[in-house]
Amino acid sequence: MKKIVEMWNRVSLIAEILVGIVIGAVLGLLVPGATGIGLIGTMFVRALKAIAPILVFALVISSIANAGKGNGQQFRMVTIMYMLSTLCAAVVAVSASFIFPVTMTLDLESYQADVVPSGIMEVLQNLLLNITDNPVNAILNANYLCILAWALLFGLAMRRTSKSIKSALVSISDAVSTVVRWIIGCAPFGIMGLVFTTVSESGLSIFKEYGRLLLVLVGAMLTVALIVDPLLATIVLRRNAYPLAWRCLRESGVTAFFTRSSAANIPVNMSLCKRLGLDPDVYSVSIPLGATINMDGAAITITIMALSVANTLGVSVDVPTALMLSLMATLGACGASGVAGGSLLLIPMACSLFGIPQDISMQAVAVGMIIGVVQDSLETAINSSGDVLFAATAEYRQWQKDGREFKIGAIVNPDE
């Protein structure tokens, strides 16, 4: 038995999830009455629901309290580009959802249609009321708008505290992220239960629906990676930045695709920056910063999944509300966990903008876990490659001001 466990632990999470999907689908067809299998999926979703509010609160406080530490004006450009690209990614996601609206199969027995806001004014009213809730009550009831607001305030206040307190905040957020890793480590079994329940109730045709959702997600992510981000870099540099974008995708994105962790890919990005001849005093800060706040793929996932839930429930989303969702997804993505599937836990926060309860929105998180084999891998690839792209763009911009000659995307230190 011990050898079997050791062999299983050596298998990648992607392969484990694929195995879980196949086993769940087969069991759903062969023994649809074995409800105990579906219980595993239910427990998995409940665990995610339990940790998600704490995750958002801890990550945002730690991120804000430590953001820009020692950066000064030197890192202002790269920070602006990180945030701007994430906002553009959210806008692309909104556009994709409007052009190719997608729905998903959800259990709506507990959903009350009258809680859905009718327009932007009611959304604003709900937003203000939710923000001013008690923070402890917000965590208990998963009120993500209030959690995010209080976390921002506490984070700003903590910026004035000592280094030891800021370090403690980082340790706490790391501990919460570790718990998330443990829960996500159970994803193959949880997804097996979720797929079993889905297939036993709806049949294999349900995967056609997931396929459509995945196509919209992948299309939006590729649009950002191949068009939007290189275009932003080109505009800043006023020179063709596509060679740099392609190198970042090839040398950073491919590795990140398989590691599925922006944090784990930081050493790869550091090495690439060194080979590009960038200043280590700059990229040693900008790359870890990017792994925290440059979350194009996460913003896309949060936005499209939230709008898919809204479409399923028949919620009418107008342009002002969509723009507000883009801003919320941008801010939320900046606090996304650097572990596999971390952005999915922020979907309920975006859904709360439309008055959608957590019991419904967490079902979208479960769907995201099922398609995460492709979605999360590509999301991480875009996030991580963008870290190097914009870190290099910001430094190239400074080189231009200094009158330095250089070739965009060229390797300066090939032996590093």
# chains A, B, ... in the order shown; residues from 1 in each chain; ligands from 1

call {"tool": "residues_around", "arguments": {"residues": "Lys407 in chain A", "least_positions_apart": "6", "cutoff": "10 Å", "atoms": "only C-alpha atoms", "output": "list in words"}}
result
Ala241, Pro243, Leu244, Leu276 and Tyr396 of chain A

call {"tool": "atom_distance", "arguments": {"atom1": "CA of Gly253 in chain A", "atom2": "CA of Ser385 in chain A"}}
result
4.9 Å

call {"tool": "atom_distance", "arguments": {"atom1": "CA of Ile147 in chain A", "atom2": "CA of Arg159 in chain A"}}
result
18.2 Å

call {"tool": "atom_distance", "arguments": {"atom1": "CA of Pro101 in chain A", "atom2": "CA of Ala329 in chain A"}}
result
18.1 Å

call {"tool": "residues_around", "arguments": {"residues": "range 294-299 of chain A", "least_positions_apart": "2", "cutoff": "7 Å", "atoms": "only C-alpha atoms", "output": "number ranges by chain"}}
result
A: 82-83, 85-86, 89-90, 221, 290-292, 301-303, 329-330, 333-334, 343, 379-380, 382-383, 387

call {"tool": "write_last_selection", "arguments": {"atoms": "N, CA, C and O atoms", "output": "compact mmCIF listing (two decimals), in the first residue's frame"}}
result
# COMPACT_ATOMS: atom_id res chain seq x y z
N TYR A 82 1.55 46.06 -14.96
CA TYR A 82 0.93 44.86 -14.40
C TYR A 82 -0.56 45.07 -14.20
O TYR A 82 -1.39 44.23 -14.60
N MET A 83 -0.92 46.18 -13.57
CA MET A 83 -2.32 46.45 -13.28
C MET A 83 -3.12 46.73 -14.54
O MET A 83 -4.25 46.27 -14.69
N SER A 85 -2.51 45.69 -17.65
CA SER A 85 -2.71 44.47 -18.44
C SER A 85 -3.78 43.59 -17.82
O SER A 85 -4.57 42.96 -18.55
N THR A 86 -3.83 43.54 -16.49
CA THR A 86 -4.86 42.73 -15.83
C THR A 86 -6.24 43.31 -16.08
O THR A 86 -7.20 42.57 -16.33
N ALA A 89 -7.24 42.53 -19.60
CA ALA A 89 -7.63 41.12 -19.69
C ALA A 89 -9.07 40.93 -19.23
O ALA A 89 -9.84 40.17 -19.85
N ALA A 90 -9.46 41.62 -18.16
CA ALA A 90 -10.83 41.53 -17.67
C ALA A 90 -11.82 42.09 -18.70
O ALA A 90 -12.90 41.53 -18.90
N MET A 221 -7.89 34.06 -23.30
CA MET A 221 -6.51 34.05 -22.81
C MET A 221 -5.50 34.17 -23.95
O MET A 221 -4.50 34.89 -23.84
N GLY A 290 5.23 40.74 -9.74
CA GLY A 290 4.38 40.30 -10.84
C GLY A 290 3.64 39.01 -10.52
O GLY A 290 2.48 38.83 -10.90
N ALA A 291 4.32 38.10 -9.80
CA ALA A 291 3.69 36.85 -9.42
C ALA A 291 2.51 37.08 -8.48
O ALA A 291 1.66 36.20 -8.30
N THR A 292 2.44 38.28 -7.90
CA THR A 292 1.35 38.62 -6.98
C THR A 292 0.25 39.42 -7.64
O THR A 292 -0.94 39.14 -7.44
N THR A 301 -10.47 34.32 -16.00
CA THR A 301 -11.23 33.21 -15.41
C THR A 301 -12.34 33.73 -14.50
O THR A 301 -13.49 33.29 -14.61
N ILE A 302 -12.01 34.65 -13.62
CA ILE A 302 -13.00 35.19 -12.68
C ILE A 302 -14.16 35.83 -13.43
O ILE A 302 -15.33 35.59 -13.12
N THR A 303 -13.84 36.63 -14.45
CA THR A 303 -14.88 37.37 -15.18
C THR A 303 -15.78 36.44 -15.99
O THR A 303 -17.02 36.53 -15.90
N ALA A 329 -12.75 42.23 -10.82
CA ALA A 329 -11.93 41.08 -11.20
C ALA A 329 -10.45 41.44 -11.18
O ALA A 329 -9.60 40.63 -10.79
N THR A 330 -10.14 42.67 -11.60
CA THR A 330 -8.75 43.12 -11.59
C THR A 330 -8.21 43.17 -10.17
O THR A 330 -7.12 42.66 -9.88
N ALA A 333 -8.12 39.59 -8.73
CA ALA A 333 -7.06 38.77 -9.31
C ALA A 333 -5.71 39.08 -8.68
O ALA A 333 -4.86 38.19 -8.55
N CYS A 334 -5.52 40.33 -8.29
CA CYS A 334 -4.25 40.71 -7.65
C CYS A 334 -4.05 40.01 -6.32
O CYS A 334 -2.92 39.90 -5.84
N SER A 343 -7.27 31.10 -8.46
CA SER A 343 -8.20 32.12 -8.95
C SER A 343 -9.65 31.67 -8.87
O SER A 343 -10.56 32.50 -8.76
N GLU A 379 -3.83 29.60 -17.83
CA GLU A 379 -3.90 30.82 -17.02
C GLU A 379 -2.55 31.14 -16.39
O GLU A 379 -2.07 32.27 -16.44
N THR A 380 -1.92 30.12 -15.80
CA THR A 380 -0.62 30.32 -15.16
C THR A 380 0.45 30.69 -16.18
O THR A 380 1.32 31.52 -15.90
N ILE A 382 0.09 32.35 -18.95
CA ILE A 382 -0.09 33.75 -19.35
C ILE A 382 0.35 34.68 -18.23
O ILE A 382 1.05 35.68 -18.46
N ASN A 383 -0.04 34.35 -17.00
CA ASN A 383 0.35 35.18 -15.87
C ASN A 383 1.86 35.28 -15.74
O ASN A 383 2.43 36.37 -15.62
N ASP A 387 4.83 38.36 -16.46
CA ASP A 387 5.71 38.95 -15.44
C ASP A 387 7.03 39.40 -16.07
O ASP A 387 7.50 40.52 -15.83

call {"tool": "closest_residue", "arguments": {"among": "A:Val176, A:Ala52, A:Val199, A:Ala256", "to": "Val365 in chain A", "atoms": "only C-alpha atoms"}}
result
A:Ala52

call {"tool": "select_by_dssp", "arguments": {"residues": "range 166-381 of chain A", "states": "helix (DSSP H, G or I)", "output": "ChimeraX atom specification"}}
result
/A:166-185,187-202,206-237,242-259,266-275,280-293,296-313,319-333,342-354,358-381

call {"tool": "residues_around", "arguments": {"residues": "Ile23 in chain A", "least_positions_apart": "5", "cutoff": "9 Å", "atoms": "only C-alpha atoms", "output": "JSON, numbers by chain"}}
result
{"A": [18, 28, 192, 195, 196]}

call {"tool": "write_last_selection", "arguments": {"atoms": "all heavy atoms", "output": "PDB file, in the first residue's frame"}}
result
ATOM      1  N   LEU A  18      -6.967  14.111 -14.466  1.00  0.00           N
ATOM      2  CA  LEU A  18      -7.459  13.392 -15.646  1.00  0.00           C
ATOM      3  C   LEU A  18      -7.957  12.005 -15.267  1.00  0.00           C
ATOM      4  O   LEU A  18      -9.017  11.559 -15.734  1.00  0.00           O
ATOM      5  CB  LEU A  18      -6.357  13.293 -16.689  1.00  0.00           C
ATOM      6  CG  LEU A  18      -6.024  14.578 -17.459  1.00  0.00           C
ATOM      7  CD1 LEU A  18      -4.793  14.374 -18.330  1.00  0.00           C
ATOM      8  CD2 LEU A  18      -7.211  15.024 -18.308  1.00  0.00           C
ATOM      9  N   GLY A  28     -20.088   6.983 -13.037  1.00  0.00           N
ATOM     10  CA  GLY A  28     -21.389   7.615 -13.233  1.00  0.00           C
ATOM     11  C   GLY A  28     -22.260   6.872 -14.220  1.00  0.00           C
ATOM     12  O   GLY A  28     -23.493   6.861 -14.098  1.00  0.00           O
ATOM     13  N   MET A 192     -13.464  13.549  -9.035  1.00  0.00           N
ATOM     14  CA  MET A 192     -14.070  12.254  -9.360  1.00  0.00           C
ATOM     15  C   MET A 192     -15.511  12.212  -8.867  1.00  0.00           C
ATOM     16  O   MET A 192     -16.431  11.799  -9.589  1.00  0.00           O
ATOM     17  CB  MET A 192     -13.269  11.120  -8.728  1.00  0.00           C
ATOM     18  CG  MET A 192     -13.837   9.732  -8.985  1.00  0.00           C
ATOM     19  SD  MET A 192     -13.031   8.436  -8.010  1.00  0.00           S
ATOM     20  CE  MET A 192     -13.616   8.854  -6.350  1.00  0.00           C
ATOM     21  N   VAL A 195     -17.648  14.734 -10.973  1.00  0.00           N
ATOM     22  CA  VAL A 195     -17.934  14.205 -12.314  1.00  0.00           C
ATOM     23  C   VAL A 195     -18.926  13.053 -12.229  1.00  0.00           C
ATOM     24  O   VAL A 195     -19.831  12.924 -13.062  1.00  0.00           O
ATOM     25  CB  VAL A 195     -16.633  13.757 -12.998  1.00  0.00           C
ATOM     26  CG1 VAL A 195     -16.933  13.019 -14.302  1.00  0.00           C
ATOM     27  CG2 VAL A 195     -15.744  14.956 -13.286  1.00  0.00           C
ATOM     28  N   PHE A 196     -18.775  12.207 -11.194  1.00  0.00           N
ATOM     29  CA  PHE A 196     -19.720  11.100 -11.001  1.00  0.00           C
ATOM     30  C   PHE A 196     -21.144  11.631 -10.870  1.00  0.00           C
ATOM     31  O   PHE A 196     -22.067  11.158 -11.538  1.00  0.00           O
ATOM     32  CB  PHE A 196     -19.351  10.299  -9.756  1.00  0.00           C
ATOM     33  CG  PHE A 196     -20.431   9.351  -9.315  1.00  0.00           C
ATOM     34  CD1 PHE A 196     -20.552   8.105  -9.906  1.00  0.00           C
ATOM     35  CD2 PHE A 196     -21.327   9.716  -8.311  1.00  0.00           C
ATOM     36  CE1 PHE A 196     -21.568   7.231  -9.512  1.00  0.00           C
ATOM     37  CE2 PHE A 196     -22.338   8.857  -7.918  1.00  0.00           C
ATOM     38  CZ  PHE A 196     -22.460   7.609  -8.518  1.00  0.00           C
TER      39      PHE A 196
END

call {"tool": "closest_residue", "arguments": {"among": "A:Ala15, A:Ile304, A:Met270, A:Ala175", "to": "Ser384 in chain A", "atoms": "only C-alpha atoms"}}
result
A:Met270

call {"tool": "residues_around", "arguments": {"residues": "Ile370 in chain A", "least_positions_apart": "2", "cutoff": "8 Å", "atoms": "only C-alpha atoms", "output": "list in words"}}
result
Ile17, Ile21, Ile191, Val195, Ala366, Val367, Gly368, Gly372 and Val373 of chain A

call {"tool": "write_last_selection", "arguments": {"atoms": "N, CA, C and O atoms", "output": "short mmCIF file (atom, residue, chain, number, x, y, z; two decimals), in the first residue's frame"}}
result
data_model
loop_
_atom_site.label_atom_id
_atom_site.label_comp_id
_atom_site.auth_asym_id
_atom_site.auth_seq_id
_atom_site.Cartn_x
_atom_site.Cartn_y
_atom_site.Cartn_z
N ILE A 17 -5.82 14.51 -11.95
CA ILE A 17 -7.16 15.04 -12.23
C ILE A 17 -7.78 14.36 -13.44
O ILE A 17 -8.97 14.03 -13.45
N ILE A 21 -11.27 12.38 -13.50
CA ILE A 21 -12.37 12.66 -14.43
C ILE A 21 -12.84 11.39 -15.12
O ILE A 21 -14.04 11.12 -15.21
N ILE A 191 -12.92 15.86 -7.63
CA ILE A 191 -13.42 15.98 -9.00
C ILE A 191 -14.03 14.67 -9.47
O ILE A 191 -15.02 14.66 -10.22
N VAL A 195 -17.65 14.73 -10.97
CA VAL A 195 -17.93 14.20 -12.31
C VAL A 195 -18.93 13.05 -12.23
O VAL A 195 -19.83 12.92 -13.06
N ALA A 366 -16.52 24.49 -8.73
CA ALA A 366 -16.39 23.05 -9.00
C ALA A 366 -16.26 22.78 -10.49
O ALA A 366 -15.45 21.94 -10.92
N VAL A 367 -17.04 23.50 -11.31
CA VAL A 367 -16.91 23.36 -12.75
C VAL A 367 -15.52 23.78 -13.20
O VAL A 367 -14.89 23.13 -14.05
N GLY A 368 -15.02 24.88 -12.61
CA GLY A 368 -13.68 25.34 -12.94
C GLY A 368 -12.62 24.30 -12.62
O GLY A 368 -11.62 24.15 -13.34
N GLY A 372 -10.10 22.67 -15.18
CA GLY A 372 -8.84 23.30 -14.77
C GLY A 372 -7.60 22.65 -15.34
O GLY A 372 -6.52 23.25 -15.32
N VAL A 373 -7.72 21.40 -15.82
CA VAL A 373 -6.57 20.75 -16.42
C VAL A 373 -5.98 21.61 -17.54
O VAL A 373 -4.78 21.72 -17.69
#

call {"tool": "residues_around", "arguments": {"residues": "Ala233 in chain A", "least_positions_apart": "3", "cutoff": "10 Å", "atoms": "only C-alpha atoms", "output": "list in words"}}
result
Met81, Ser85, Val228, Asp229, Pro230, Val236, Leu237, Arg238, Arg239, Asn240, Ala241, Tyr242, Leu244, Ala245, Leu389, Phe390, Ala392, Thr393, Ala394, Tyr396 and Arg397 of chain A

call {"tool": "closest_residue", "arguments": {"among": "A:Val216, A:Leu59, A:Asp279, A:Val91", "to": "Pro320 in chain A", "atoms": "only C-alpha atoms"}}
result
A:Val91

call {"tool": "closest_residue", "arguments": {"among": "A:Ile37, A:Leu232, A:Met324, A:Ala168", "to": "Gly24 in chain A", "atoms": "only C-alpha atoms"}}
result
A:Ile37

call {"tool": "closest_residue", "arguments": {"among": "A:Asn311, A:Ser326, A:Thr198, A:Thr234", "to": "Leu29 in chain A", "atoms": "only C-alpha atoms"}}
result
A:Thr198

call {"tool": "closest_residue", "arguments": {"among": "A:Ile287, A:Asp359, A:Leu30, A:Ile64", "to": "Ser173 in chain A", "atoms": "only C-alpha atoms"}}
result
A:Ile64
